[in-house]
>>> print(open('model_5.cif').read())   # mmCIF, C-alpha atoms and all ligand atoms
data_query
#
loop_
_atom_site.label_atom_id
_atom_site.label_comp_id
_atom_site.auth_asym_id
_atom_site.auth_seq_id
_atom_site.Cartn_x
_atom_site.Cartn_y
_atom_site.Cartn_z
CA MET A 70 142.25 52.40 152.61
CA GLN A 71 139.99 49.46 151.80
CA ASP A 72 140.97 47.13 148.96
CA PHE A 73 138.19 47.70 146.46
CA SER A 74 139.66 45.31 143.88
CA GLN A 75 137.62 42.45 145.39
CA PHE A 76 134.54 44.11 143.87
CA ILE A 77 135.98 44.35 140.36
CA ARG A 78 135.25 41.44 138.01
CA GLU A 79 137.84 40.69 135.37
CA VAL A 80 136.37 39.53 132.08
CA PRO A 81 138.93 38.20 129.57
CA ASP A 82 138.63 38.97 125.86
CA PHE A 83 135.91 41.61 126.20
CA PRO A 84 135.04 43.60 124.11
CA LYS A 85 137.67 42.00 121.89
CA PRO A 86 140.40 39.35 122.15
CA GLY A 87 143.34 40.34 124.33
CA ILE A 88 141.48 42.88 126.51
CA LEU A 89 141.03 42.03 130.19
CA PHE A 90 137.92 44.08 130.93
CA LYS A 91 137.53 45.52 134.43
CA ASP A 92 133.83 45.21 135.16
CA ILE A 93 132.76 47.63 137.90
CA THR A 94 129.14 46.43 138.12
CA PRO A 95 129.76 44.18 141.18
CA LEU A 96 131.07 47.25 143.02
CA LEU A 97 128.15 49.42 141.91
CA GLY A 98 125.74 46.70 143.04
CA ASN A 99 127.25 46.51 146.52
CA PRO A 100 125.79 49.41 148.51
CA ALA A 101 128.57 49.51 151.13
CA ALA A 102 131.36 49.36 148.55
CA PHE A 103 129.78 51.94 146.24
CA HIS A 104 129.24 54.27 149.19
CA LYS A 105 132.83 53.85 150.41
CA VAL A 106 134.26 54.55 146.95
CA ILE A 107 132.37 57.81 146.62
CA ASP A 108 133.27 58.75 150.20
CA ALA A 109 136.95 58.00 149.52
CA PHE A 110 136.92 60.34 146.51
CA ALA A 111 135.11 63.01 148.52
CA ARG A 112 137.66 62.72 151.35
CA HIS A 113 140.54 63.18 148.94
CA TYR A 114 139.09 66.45 147.64
CA LYS A 115 137.81 67.70 150.99
CA TYR A 116 140.13 70.73 151.08
CA GLU A 117 139.93 71.45 147.35
CA ALA A 118 137.47 74.07 146.15
CA ILE A 119 135.50 72.34 143.39
CA ASP A 120 132.73 73.94 141.35
CA VAL A 121 131.80 71.10 139.05
CA VAL A 122 132.50 67.40 138.39
CA THR A 123 132.62 65.98 134.87
CA GLY A 124 131.98 62.34 133.97
CA THR A 125 132.89 60.78 130.64
CA GLU A 126 130.44 58.49 128.83
CA ALA A 127 129.36 56.06 129.95
CA ARG A 128 130.69 54.68 133.24
CA GLY A 129 132.14 58.07 134.17
CA PHE A 130 128.53 59.28 134.43
CA ILE A 131 127.80 56.87 137.26
CA LEU A 132 130.80 57.71 139.42
CA GLY A 133 130.97 61.39 138.48
CA ALA A 134 127.30 62.07 139.16
CA ALA A 135 127.41 60.33 142.54
CA LEU A 136 130.56 62.26 143.47
CA ALA A 137 129.06 65.58 142.35
CA TYR A 138 126.03 64.88 144.53
CA ARG A 139 128.28 63.97 147.46
CA LEU A 140 130.35 67.14 147.04
CA GLY A 141 127.25 69.29 146.62
CA VAL A 142 128.27 70.60 143.18
CA GLY A 143 126.94 70.33 139.63
CA PHE A 144 127.64 67.51 137.16
CA VAL A 145 128.71 67.89 133.53
CA PRO A 146 128.43 64.96 131.09
CA ILE A 147 131.17 64.52 128.50
CA ARG A 148 129.63 62.47 125.72
CA LYS A 149 130.44 60.76 122.47
CA SER A 150 129.94 62.99 119.43
CA GLY A 151 126.35 63.63 118.32
CA LYS A 152 124.67 62.88 121.66
CA LEU A 153 124.49 66.30 123.31
CA PRO A 154 121.52 68.38 122.11
CA TYR A 155 122.87 71.94 122.44
CA GLU A 156 125.97 73.64 120.98
CA THR A 157 129.15 71.72 121.71
CA HIS A 158 132.92 71.76 121.61
CA GLU A 159 134.50 68.56 120.36
CA VAL A 160 137.92 66.93 120.72
CA THR A 161 139.20 64.05 118.59
CA TYR A 162 141.62 61.54 120.08
CA ASP A 163 143.45 58.47 118.82
CA LEU A 164 142.47 54.94 119.69
CA GLU A 165 144.56 51.84 119.08
CA TYR A 166 142.77 51.51 115.73
CA GLY A 167 141.15 54.71 114.49
CA TYR A 168 139.88 57.62 116.54
CA ASP A 169 137.01 58.78 118.71
CA VAL A 170 135.36 62.12 119.40
CA VAL A 171 134.05 63.45 122.71
CA ALA A 172 131.92 66.54 123.23
CA ILE A 173 130.87 68.99 125.94
CA HIS A 174 128.15 71.62 125.96
CA GLN A 175 129.62 75.06 125.30
CA ASP A 176 127.95 76.49 128.42
CA ALA A 177 128.79 73.51 130.65
CA CYS A 178 130.95 75.48 133.07
CA PRO A 179 131.93 79.13 133.46
CA LYS A 180 135.43 80.43 132.70
CA ASP A 181 137.84 79.84 135.59
CA SER A 182 135.54 77.34 137.28
CA ARG A 183 137.38 74.63 139.21
CA VAL A 184 136.67 71.30 137.61
CA LEU A 185 137.18 67.74 138.82
CA VAL A 186 137.37 65.27 135.90
CA CYS A 187 136.09 61.77 136.69
CA ASP A 188 136.10 58.43 134.87
CA ASP A 189 136.08 54.74 135.73
CA VAL A 190 139.35 53.52 134.19
CA LEU A 191 142.63 55.23 133.29
CA ALA A 192 144.06 52.95 130.59
CA THR A 193 146.15 54.65 127.85
CA GLY A 194 144.95 58.07 129.04
CA GLY A 195 143.49 59.16 125.69
CA THR A 196 139.94 59.54 126.99
CA LEU A 197 140.95 61.56 130.03
CA ALA A 198 143.34 63.74 128.02
CA ALA A 199 140.46 64.52 125.63
CA SER A 200 138.11 65.24 128.56
CA ILE A 201 140.68 67.64 130.02
CA ALA A 202 141.10 69.35 126.63
CA LEU A 203 137.32 69.93 126.49
CA VAL A 204 137.27 71.55 129.93
CA GLU A 205 140.23 73.71 128.94
CA LYS A 206 138.40 74.80 125.76
CA LEU A 207 135.79 76.27 128.10
CA LYS A 208 138.63 77.89 130.05
CA GLY A 209 137.75 75.83 133.10
CA ARG A 210 140.58 74.91 135.45
CA VAL A 211 141.11 71.18 135.93
CA VAL A 212 141.99 70.81 139.61
CA GLY A 213 142.02 67.01 139.75
CA ILE A 214 141.48 63.73 137.94
CA ALA A 215 139.55 61.05 139.86
CA VAL A 216 139.48 57.49 138.55
CA LEU A 217 138.38 54.28 140.18
CA ILE A 218 140.92 52.08 138.36
CA GLU A 219 144.38 52.80 136.96
CA LEU A 220 146.11 50.29 134.67
CA LEU A 221 149.72 51.10 135.49
CA ALA A 222 151.32 49.10 132.66
CA LEU A 223 149.72 51.36 130.05
CA ASN A 224 151.43 54.51 131.40
CA GLY A 225 148.29 56.62 130.99
CA ARG A 226 149.74 59.26 133.31
CA GLU A 227 152.27 60.18 130.66
CA LYS A 228 149.42 61.52 128.48
CA ILE A 229 148.19 63.66 131.37
CA PRO A 230 151.24 65.54 132.64
CA ASN A 231 150.92 68.33 135.18
CA HIS A 232 147.69 67.05 136.65
CA ASP A 233 146.92 65.52 140.02
CA ILE A 234 145.59 62.02 139.35
CA PHE A 235 143.90 60.14 142.18
CA SER A 236 143.09 56.45 141.61
CA LEU A 237 141.58 54.07 144.14
CA ILE A 238 142.60 50.74 142.58
CA LYS A 239 145.89 50.16 140.75
CA TYR A 240 146.70 47.09 138.66
P1 LIG A 301 141.91 55.07 127.64
O1 LIG A 301 141.44 56.20 126.78
O2 LIG A 301 142.79 54.11 126.92
O3 LIG A 301 142.54 55.55 128.95
O4 LIG A 301 140.66 54.21 128.01
C1 LIG A 301 139.83 54.65 128.96
C2 LIG A 301 138.39 54.29 128.69
O5 LIG A 301 138.23 52.99 128.11
C3 LIG A 301 137.72 54.30 130.01
O6 LIG A 301 136.66 55.23 129.92
C4 LIG A 301 137.23 52.91 130.26
O7 LIG A 301 135.85 52.94 130.41
C5 LIG A 301 137.61 52.10 129.03
N1 LIG A 301 138.58 51.03 129.29
C6 LIG A 301 139.83 50.93 128.80
N2 LIG A 301 140.43 49.80 129.18
C7 LIG A 301 139.55 49.15 129.95
C8 LIG A 301 139.58 47.90 130.67
N3 LIG A 301 140.63 47.08 130.67
N4 LIG A 301 138.48 47.57 131.37
C9 LIG A 301 137.40 48.37 131.40
N5 LIG A 301 137.31 49.53 130.75
C10 LIG A 301 138.37 49.93 130.02
#
>>> encode(input="model_5.cif", output="structure tokens", more="lines below")
Ligand code: AMP
Amino acid sequence: MQDFSQFIREVPDFPKPGILFKDITPLLGNPAAFHKVIDAFARHYKYEAIDVVTGTEARGFILGAALAYRLGVGFVPIRKSGKLPYETHEVTYDLEYGYDVVAIHQDACPKDSRVLVCDDVLATGGTLAASIALVEKLKGRVVGIAVLIELLALNGREKIPNHDIFSLIKY
């Protein structure tokens, strides 16, 4: 497997002091690297029946939509509250300070559909856990979690037990 970390730029103290931000834009801007990342995800799920890929706002849209296209399935956006125009389900989750709300359209995927949940970074796991909860509200079946980057020290996996998590870059 190629080491994709060379295409990730680390920006200290963004968006606030103490955060080492993993900037994926150099990877997205490199056609060969972007292509290989999406192909690596697609290879991992080659033998998995998948009906739909979700992507969580905002960088999850980029990877999730490309992966959905590559797999030949539909894409479902999971957005911050108040952004989706039709009827939604919402899930609230805790942040370090305060909380956030994510939403999905109520008709985003049929009951029992096999859903791959995609995002850019698995940090504390709150965002992915909320994304999974939304899919489960629709009675979709989460068959995998695909992330580009996993920050191991934050133990995000503990918030997402009983799910297959596939990450391409681990720090
Ligand atoms: P969490 O809910 O803590 O797992 O955070 C995940 C979300 O926050 C992801 O959707 C990322 O886009 C973003 N995020 C968290 N930590 C970082 C980081 N160090 N660099 C870039 N994005 C991050």
>>> closest_residue(input="model_5.cif", among="A:Gly167, A:Pro154, A:Pro230, A:Pro179", to="Gly213 (chain A)", atoms="all atoms listed in the file")
A:Pro230
>>> closest_residue(input="model_5.cif", among="A:Ser150, A:Thr196, A:Ser236, A:Asn231", to="Val106 (chain A)", atoms="only C-alpha atoms")
A:Ser236
>>> axis_aligned_box(input="model_5.cif", around="ligand LIG 301 (chain A)", padding_each_side="5 Å", output="AutoDock Vina command-line options")
--center_x 139.3 --center_y 51.6 --center_z 129.1 --size_x 16.9 --size_y 19.1 --size_z 14.6
>>> residues_near_ligand(input="model_5.cif", ligand="ligand LIG 301 (chain A)", cutoff="9 Å", atoms="only C-alpha atoms and all ligand atoms", output="VMD selection string")
chain A and resid 79 to 80 83 to 84 88 to 93 125 to 129 162 to 165 188 to 199 218 to 220 223 225
>>> residues_around(input="model_5.cif", residues="Gly141 (chain A)", least_positions_apart="4", cutoff="10 Å", atoms="only C-alpha atoms", output="list of chain:residue names")
A:Ile119, A:Asp120, A:Val121, A:Val122, A:Ala135, A:Leu136, A:Ala137
>>> atom_distance(input="model_5.cif", atom1="CA of Phe144 (chain A)", atom2="CA of Ile238 (chain A)")
23.1 Å
>>> closest_residue(input="model_5.cif", among="A:Arg112, A:Leu203, A:Val211, A:Lys239", to="Asn224 (chain A)", atoms="all atoms listed in the file")
A:Lys239
>>> residues_around(input="model_5.cif", residues="Ala109 (chain A)", least_positions_apart="5", cutoff="9 Å", atoms="only C-alpha atoms", output="number ranges by chain")
A: 70, 104, 114, 237
>>> closest_residue(input="model_5.cif", among="A:Ala102, A:Val186, A:Gly133, A:Thr123", to="His174 (chain A)", atoms="all atoms listed in the file")
A:Thr123
>>> closest_residue(input="model_5.cif", among="A:Ile77, A:Ala202, A:Ile147, A:Ala172", to="Ala134 (chain A)", atoms="all atoms listed in the file")
A:Ile147
>>> closest_residue(input="model_5.cif", among="A:Arg148, A:Arg78, A:His232, A:Lys180", to="Ser200 (chain A)", atoms="only C-alpha atoms")
A:Arg148
>>> atom_distance(input="model_5.cif", atom1="CA of Val170 (chain A)", atom2="CA of His158 (chain A)")
10.2 Å
>>> atom_distance(input="model_5.cif", atom1="CA of Val145 (chain A)", atom2="CA of Asn99 (chain A)")
25.1 Å
>>> decode(input="model_5.cif", residues="region 132-165 of chain A", atoms="C-alpha atoms", output="compact mmCIF listing (two decimals), in the first residue's frame")
# COMPACT_ATOMS: atom_id res chain seq x y z
CA LEU A 132 -14.15 11.50 -0.83
CA GLY A 133 -17.58 9.92 -0.45
CA ALA A 134 -18.92 11.23 -3.75
CA ALA A 135 -15.82 10.11 -5.65
CA LEU A 136 -16.02 6.67 -4.03
CA ALA A 137 -19.75 6.34 -4.78
CA TYR A 138 -19.02 7.15 -8.41
CA ARG A 139 -16.19 4.61 -8.48
CA LEU A 140 -18.39 1.91 -6.93
CA GLY A 141 -21.29 2.74 -9.23
CA VAL A 142 -23.72 3.49 -6.38
CA GLY A 143 -25.60 6.54 -5.11
CA PHE A 144 -24.25 9.19 -2.73
CA VAL A 145 -25.99 10.56 0.37
CA PRO A 146 -24.84 13.81 1.98
CA ILE A 147 -24.90 14.06 5.78
CA ARG A 148 -25.01 17.75 6.57
CA LYS A 149 -24.92 20.20 9.42
CA SER A 150 -28.37 21.07 10.77
CA GLY A 151 -30.51 23.43 8.67
CA LYS A 152 -28.78 22.80 5.33
CA LEU A 153 -30.86 20.00 3.81
CA PRO A 154 -34.04 21.26 2.11
CA TYR A 155 -36.41 18.30 2.60
CA GLU A 156 -37.59 16.46 5.74
CA THR A 157 -34.71 15.27 7.88
CA HIS A 158 -33.66 13.15 10.82
CA GLU A 159 -31.14 14.79 13.13
CA VAL A 160 -28.61 13.53 15.67
CA THR A 161 -26.88 15.69 18.28
CA TYR A 162 -23.37 14.81 19.42
CA ASP A 163 -20.90 16.23 21.91
CA LEU A 164 -17.86 18.24 20.94
CA GLU A 165 -14.97 19.15 23.21
